[in-house]
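Below is one structure; the comments refer to it alone.
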Protein chains: 4
Amino acid sequence: MTAPPSLDTLNAMPEQSFASVLADIFEHAPWVAAGVVAARPFPTLNALLDALTAAVRASAPERQLQLIKNHPDLAGKAARGGGLTKDSEAEQSSAGLDRLSDEEYARFDRLNQAYRSKFDFPFIIGGRRHTTDSILQQMEERARNDRAAEIETALGEVFRIVALRLDQRVTAADRLAVHGRLSTHVLDTYHGRPAAGVEIELVELSCSGAERRIIASRTNADGRTERPLIQERPLPIGRYELRFDIGDYFARHAVRLAAPPFLERVPVRFAIAEPEGHYHVPLLATPWSYTTYRGS
Amino acid sequence: MTAPPSLDTLNAMPEQSFASVLADIFEHAPWVAAGVVAARPFPTLNALLDALTAAVRASAPERQLQLIKNHPDLAGKAARGGGLTKDSEAEQSSAGLDRLSDEEYARFDRLNQAYRSKFDFPFIIGGRRHTTDSILQQMEERARNDRAAEIETALGEVFRIVALRLDQRVTAADRLAVHGRLSTHVLDTYHGRPAAGVEIELVELSCSGAERRIIASRTNADGRTERPLIQERPLPIGRYELRFDIGDYFARHAVRLAAPPFLERVPVRFAIAEPEGHYHVPLLATPWSYTTYRGS
Amino acid sequence: MTAPPSLDTLNAMPEQSFASVLADIFEHAPWVAAGVVAARPFPTLNALLDALTAAVRASAPERQLQLIKNHPDLAGKAARGGGLTKDSEAEQSSAGLDRLSDEEYARFDRLNQAYRSKFDFPFIIGGRRHTTDSILQQMEERARNDRAAEIETALGEVFRIVALRLDQRVTAADRLAVHGRLSTHVLDTYHGRPAAGVEIELVELSCSGAERRIIASRTNADGRTERPLIQERPLPIGRYELRFDIGDYFARHAVRLAAPPFLERVPVRFAIAEPEGHYHVPLLATPWSYTTYRGS
Amino acid sequence: MTAPPSLDTLNAMPEQSFASVLADIFEHAPWVAAGVVAARPFPTLNALLDALTAAVRASAPERQLQLIKNHPDLAGKAARGGGLTKDSEAEQSSAGLDRLSDEEYARFDRLNQAYRSKFDFPFIIGGRRHTTDSILQQMEERARNDRAAEIETALGEVFRIVALRLDQRVTAADRLAVHGRLSTHVLDTYHGRPAAGVEIELVELSCSGAERRIIASRTNADGRTERPLIQERPLPIGRYELRFDIGDYFARHAVRLAAPPFLERVPVRFAIAEPEGHYHVPLLATPWSYTTYRGS
């Protein structure tokens, strides 16, 4: 994998190359990138994104509709048959659509068909901003829209997908507002200091009862993990559980505990609703109490 | 089922009747009750229990050992074959020993055999004070005792079992110290008032990953459940989870929540280590934060 | 001081006696009690209060106005000259009006005169439900009312005063809703148990910076004070501070503390706005943290 | 005031100049700095401090004692008569010794005399690390030492004073460990976000009941003050109160509050015991509850 080109490089390269580098930013629609070549140089990545968006907005309604139709079904035949673009494949995988049970596949099929038969275009959603659960919920909710509203919603999702692709494809001095951050912090209010060396696990929960481990980590001397639990990407909308092994922690510090300890592995269950938000979910703990909250 | 006799009635009844009513207080050992008949009247239930305990302590070591040997294996052949006394059956069922998986039965068999072959008597433990998990743990720990210590431990468990049988079999003005209490309380610190109408569920967790619902309830106008979650019995040593539907609660009170809400069903996982203790496990909650602790 | 008569006694006594016992329930207006004699027997104290209120409501407007005019100025000449009825004296003293500084007296004089010159009757407020601060604030706020609204407000205060006098003058099976309650509870979340033996002080704060100790107490084995801090009376609207000596408490329990301890005497400052409300203000504390809230 | 020289400059300057720049680092004892000239260049500021300390340690006991005797009495005649070195004046002022009441002066006089008559040298303490209260407490405690221990303690204080003077007098790539930090953070757990625009005040409390405002500030969009409340200096050992105007804050955000609001200006009273420590004292608040703790 080669390093992504910088915006400066893009601004300076031959027109053909520029159009080619960004050809697949919009799914099967190289005309969008080609249409903004003449507007170079773009001072910022945000300016480039705005130009691409404006080019689509300025195009004929049928062309915009075609842009939507270029997208594959979620968890559909193309996905199962290996016929996705690399980007689509990665986006669907991010939301877990390549790990569905047979039952979930069947549910996607039903919802895809119902959606297509109502709107005559595929359901589009930015896979990196969602979990399987939130996609299914969106499919059910958006199926109740009228066609005009849904075309607008679908275009909005296309632009979000494009922004995320651009963020991965081009480096620049400015950043697009496409990243969220999830972090934690453990305070030991028994000793009045950060809790160092606490084992932490983050799992994604799904309505089906399944859970998927996102990351396991351990707090450092300041009671934080070395890096945020999730960063440099959108936070998938969904339900999560953080687990903090404070029983082990206090036992290691020679605190007299009950047997079994009143608190061992503390679960903090919460939902993420803003993919570009900052979620700080700390734990203030003693062997007999804890407090958690959405912090900053 | 007839109401249990009062201590006054026991004090006044013919000697034979007294001995007969309490014949099975000690497993297959009517001689213990018979031995205290002459000491009547007992001013309190505690005095009766003390007399019974003293009678055993005063008996010959072989007789004490026989008392231990009268008890059946836990989850053993007698249990499976229906050969238990009514009391033993209820006690083993209380700890879930009549609901074991094949694997768990096998584990009990192994531990029972190892214990018997070391000590030459069955493993005795008060089933009402334990969960399957804590019994298995005790079996492993106590197997490391020497014989003298283990005879003493087993006698202690016999007396605990007897106290609980007495508590159920005889009414009196005084109570034996054999009951614990688990309660909760939900405070809505967003509005500054008790949280009424919050759905609450208490489940017992086991190491095997299984969970068993103990009770489902709902908070009243004072934010409490009408009755303690567990009362009038020992609290089984083990791991539990309380679940509080505060997402529903705040939604019903027209609080603007995220979608999905940051907090929905808050799990509070804790362990009980003192069967006769009072555990108060409250929740102070807003839509974005909560605090829990062992209170009183 | 003789015990207050019961409602039954009142129902059964001669008409003259009944009227005489309740003659001063309304300030200088024995006609109100006399007017309800014929409606006896009253099944409850609340029914008696309702009858008295209804008798006033049914009287001519001038008579109602006279009822208002019967009341003395707050902290006025009559108060300073000893010309108050016993009830008025106790009520004004409850709000601290007999302990004013010269400056405060002057402020009351100014506000009394302004009020009287606008409305032609004295400012009436139930002294037991207020502190000096909240009375001064009410005087300023209510001076902005129009006359009709203010007559209604004054009558409402008269009825509140009457209810409190009745509550003290007559015993009955039912209670009037004239009492509030302020209580506290200290939880030691370091050891996971109630904090026993914590010194607690409750002071009333005033805008002038002065503070007045209401009560000093100490927590019992359950972490509570033996009796609520305030009960069996309305809670005076105003600002308070609870002080908890948790530094001493943890030092007594051999907890290693910093020197000086991070937390010693924890102040919790809060206001009471509902005289008939229940305010429970607990403290959950470790040597390094605490949580407080309006509980129940 | 000219900018302090860098360590590089000091390393490179003529011997005379070096000795002269650091002549008053030790009170009236230029010989210490002169004694380390030959050891240049010092790679770090810590190395320079170590060299100065070692030079004193290597000198004769009488010379070390003289070093101690060079220091003026705290709040003594020299201080009142203007006879202090600039450094001593600033250090004594930092601890409030130039703002004492007559009564406090008298107490210092008594304690100074008692100390001198026992040890035959003045009481030395680093004024920047203390408040008046903690100095008085140290005077009483240290007066109980024996002479050898107290000489050692006094030398230790001399080295702390020197480290702080060096920190102000010389810039370098490395820092001496002489600074503490006090910071805060306000979380609005009603809305689940940082509380912006909260007025905050920090006051120093003294045993005499006096209080002195250290700083007033206001939280920024992240719920923090722009700069730590105290930084780039030692935290004076003593008692403090942080006050948070959360009543105003919630009123500005249209939250329905009681009248008067249950919580208005929340006081958090705490003590600092480690001058070089990091104290983070956050507030998690709703209109009806708050939590505070020593964080990091």
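Just so we're on the same page: first chain in the structure tokens is A, next is B, and so on; residues restart at 1 for each chain, and ligands are numbered from 1 in the order they show up.
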(request) For segment 164-174 of chain A, work out the shell of residues within 8 Å, counting only C-alpha atoms and skipping chain neighbours fewer than 5 positions away, then give it as a PyMOL selection string. (result) chain A and resi 4-8+25+44-46+49+87
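Every residue of chain A that lies within 12 Å of chain C is listed here, counting only C-alpha atoms: Leu187, Asp188, Thr189, Tyr190, His191, Gly192, Arg193, Pro194, Phe250, Val255, Arg256, Leu257, Ala258, Pro261, Phe262, Leu263, Leu284, Ala285, Thr286, Pro287, Trp288, Ser289, Tyr290 and Thr291 of chain A.
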Pull N, CA, C and O atoms from the residues just selected and write them as a compact mmCIF listing (two decimals), in the first residue's frame.
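This went into again30.txt:
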```txt
# COMPACT_ATOMS: atom_id res chain seq x y z
N LEU A 187 -10.42 6.53 37.82
CA LEU A 187 -9.95 7.21 39.03
C LEU A 187 -10.21 6.31 40.22
O LEU A 187 -11.31 5.78 40.37
N ASP A 188 -9.21 6.14 41.04
CA ASP A 188 -9.31 5.35 42.26
C ASP A 188 -9.62 6.33 43.39
O ASP A 188 -8.72 7.00 43.91
N THR A 189 -10.91 6.46 43.74
CA THR A 189 -11.27 7.43 44.77
C THR A 189 -11.14 6.83 46.18
O THR A 189 -11.50 7.47 47.16
N TYR A 190 -10.59 5.63 46.27
CA TYR A 190 -10.23 5.04 47.56
C TYR A 190 -8.89 5.61 47.99
O TYR A 190 -8.73 6.06 49.13
N HIS A 191 -7.92 5.65 47.05
CA HIS A 191 -6.61 6.20 47.37
C HIS A 191 -6.45 7.64 46.90
O HIS A 191 -5.43 8.27 47.20
N GLY A 192 -7.41 8.15 46.13
CA GLY A 192 -7.30 9.52 45.64
C GLY A 192 -6.24 9.70 44.58
O GLY A 192 -5.47 10.65 44.61
N ARG A 193 -6.23 8.79 43.60
CA ARG A 193 -5.22 8.87 42.54
C ARG A 193 -5.73 8.14 41.30
O ARG A 193 -6.71 7.39 41.37
N PRO A 194 -5.06 8.31 40.16
CA PRO A 194 -5.48 7.57 38.97
C PRO A 194 -5.30 6.07 39.23
O PRO A 194 -4.40 5.68 39.98
N PHE A 250 -7.94 -3.51 42.83
CA PHE A 250 -7.87 -3.26 44.28
C PHE A 250 -7.17 -4.41 45.01
O PHE A 250 -6.46 -4.20 45.98
N VAL A 255 -5.93 -3.98 49.13
CA VAL A 255 -7.14 -3.51 49.80
C VAL A 255 -7.92 -4.74 50.27
O VAL A 255 -8.05 -5.71 49.52
N ARG A 256 -8.36 -4.71 51.52
CA ARG A 256 -9.15 -5.83 52.04
C ARG A 256 -10.51 -5.87 51.36
O ARG A 256 -11.31 -4.95 51.52
N LEU A 257 -10.78 -6.92 50.64
CA LEU A 257 -12.04 -7.02 49.92
C LEU A 257 -12.89 -8.14 50.51
O LEU A 257 -12.37 -9.03 51.18
N ALA A 258 -14.17 -8.09 50.25
CA ALA A 258 -15.04 -9.21 50.60
C ALA A 258 -14.69 -10.39 49.70
O ALA A 258 -13.99 -10.23 48.70
N PRO A 261 -15.36 -10.35 46.03
CA PRO A 261 -15.42 -8.89 46.15
C PRO A 261 -16.76 -8.33 45.67
O PRO A 261 -17.33 -8.86 44.72
N PHE A 262 -17.23 -7.30 46.36
CA PHE A 262 -18.52 -6.69 45.99
C PHE A 262 -18.52 -6.30 44.51
O PHE A 262 -19.47 -6.56 43.79
N LEU A 263 -17.43 -5.67 44.07
CA LEU A 263 -17.31 -5.28 42.66
C LEU A 263 -16.09 -5.97 42.06
O LEU A 263 -15.01 -5.93 42.64
N LEU A 284 -15.17 6.39 38.23
CA LEU A 284 -14.62 6.76 39.54
C LEU A 284 -15.00 5.62 40.46
O LEU A 284 -16.19 5.38 40.67
N ALA A 285 -14.01 4.92 41.04
CA ALA A 285 -14.37 3.69 41.75
C ALA A 285 -13.68 3.52 43.09
O ALA A 285 -12.55 3.94 43.28
N THR A 286 -14.40 2.92 44.02
CA THR A 286 -13.83 2.35 45.23
C THR A 286 -14.22 0.87 45.18
O THR A 286 -14.93 0.45 44.26
N PRO A 287 -13.80 0.05 46.14
CA PRO A 287 -14.23 -1.35 46.12
C PRO A 287 -15.74 -1.50 46.33
O PRO A 287 -16.29 -2.58 46.17
N TRP A 288 -16.43 -0.40 46.71
CA TRP A 288 -17.83 -0.49 47.11
C TRP A 288 -18.74 0.48 46.38
O TRP A 288 -19.92 0.60 46.73
N SER A 289 -18.23 1.19 45.41
CA SER A 289 -19.05 2.21 44.74
C SER A 289 -18.39 2.62 43.44
O SER A 289 -17.18 2.46 43.26
N TYR A 290 -19.22 3.09 42.52
CA TYR A 290 -18.62 3.74 41.35
C TYR A 290 -19.59 4.73 40.73
O TYR A 290 -20.80 4.68 40.97
N THR A 291 -19.00 5.63 39.96
CA THR A 291 -19.73 6.66 39.24
C THR A 291 -19.22 6.67 37.82
O THR A 291 -18.02 6.55 37.60
```
(message) What's around Gly156 of chain C at 10 Å? Count only C-alpha atoms, leave out sequence neighbours fewer than 6 positions away in its own chain, and write the answer as a ChimeraX atom specification.
(response) /C:53,124-126,150,162
Output of the above residues as a tab-separated table (two decimals), in the first residue's frame, restricted to all heavy atoms:
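Result went into part29.tsv, see below:
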```tsv
chain	number	residue	atom	x	y	z
C	53	THR	N	-62.06	27.83	56.85
C	53	THR	CA	-61.70	28.53	55.61
C	53	THR	C	-62.96	28.94	54.86
C	53	THR	O	-63.09	30.08	54.39
C	53	THR	CB	-60.84	27.59	54.73
C	53	THR	OG1	-59.73	27.15	55.50
C	53	THR	CG2	-60.35	28.31	53.49
C	124	ILE	N	-48.73	40.26	55.32
C	124	ILE	CA	-48.92	39.03	56.10
C	124	ILE	C	-48.18	37.87	55.47
C	124	ILE	O	-48.24	37.66	54.26
C	124	ILE	CB	-50.42	38.66	56.18
C	124	ILE	CG1	-51.18	39.80	56.85
C	124	ILE	CG2	-50.62	37.35	56.95
C	124	ILE	CD1	-52.65	39.50	57.01
C	125	ILE	N	-47.49	37.14	56.28
C	125	ILE	CA	-46.79	35.95	55.79
C	125	ILE	C	-46.63	34.98	56.96
C	125	ILE	O	-46.50	35.41	58.12
C	125	ILE	CB	-45.41	36.32	55.17
C	125	ILE	CG1	-44.89	35.18	54.30
C	125	ILE	CG2	-44.40	36.67	56.28
C	125	ILE	CD1	-43.79	35.63	53.35
C	126	GLY	N	-46.71	33.69	56.67
C	126	GLY	CA	-46.58	32.69	57.73
C	126	GLY	C	-45.14	32.58	58.19
C	126	GLY	O	-44.30	32.02	57.47
C	150	GLU	N	-53.16	40.72	45.67
C	150	GLU	CA	-52.46	40.72	46.94
C	150	GLU	C	-53.42	40.39	48.10
C	150	GLU	O	-53.04	39.73	49.07
C	150	GLU	CB	-51.76	42.05	47.17
C	150	GLU	CG	-50.83	42.08	48.37
C	150	GLU	CD	-49.78	40.97	48.39
C	150	GLU	OE1	-49.50	40.36	47.35
C	150	GLU	OE2	-49.24	40.70	49.49
C	162	VAL	N	-53.33	29.82	60.09
C	162	VAL	CA	-54.39	29.17	60.86
C	162	VAL	C	-54.17	27.65	60.90
C	162	VAL	O	-54.32	27.02	61.95
C	162	VAL	CB	-55.77	29.51	60.25
C	162	VAL	CG1	-56.84	28.54	60.74
C	162	VAL	CG2	-56.13	30.96	60.58
```
(request) Just the alpha helix (DSSP H) stuff from segment 174-288 of chain D, please, per backbone DSSP, written as a PyMOL selection string. (result) chain D and resi 246-252
(message) Report, in Å to a single decimal, how far apart atom CA of Gly180 of chain C and atom CA of Ala221 of chain C are.
(response) 24.6 Å
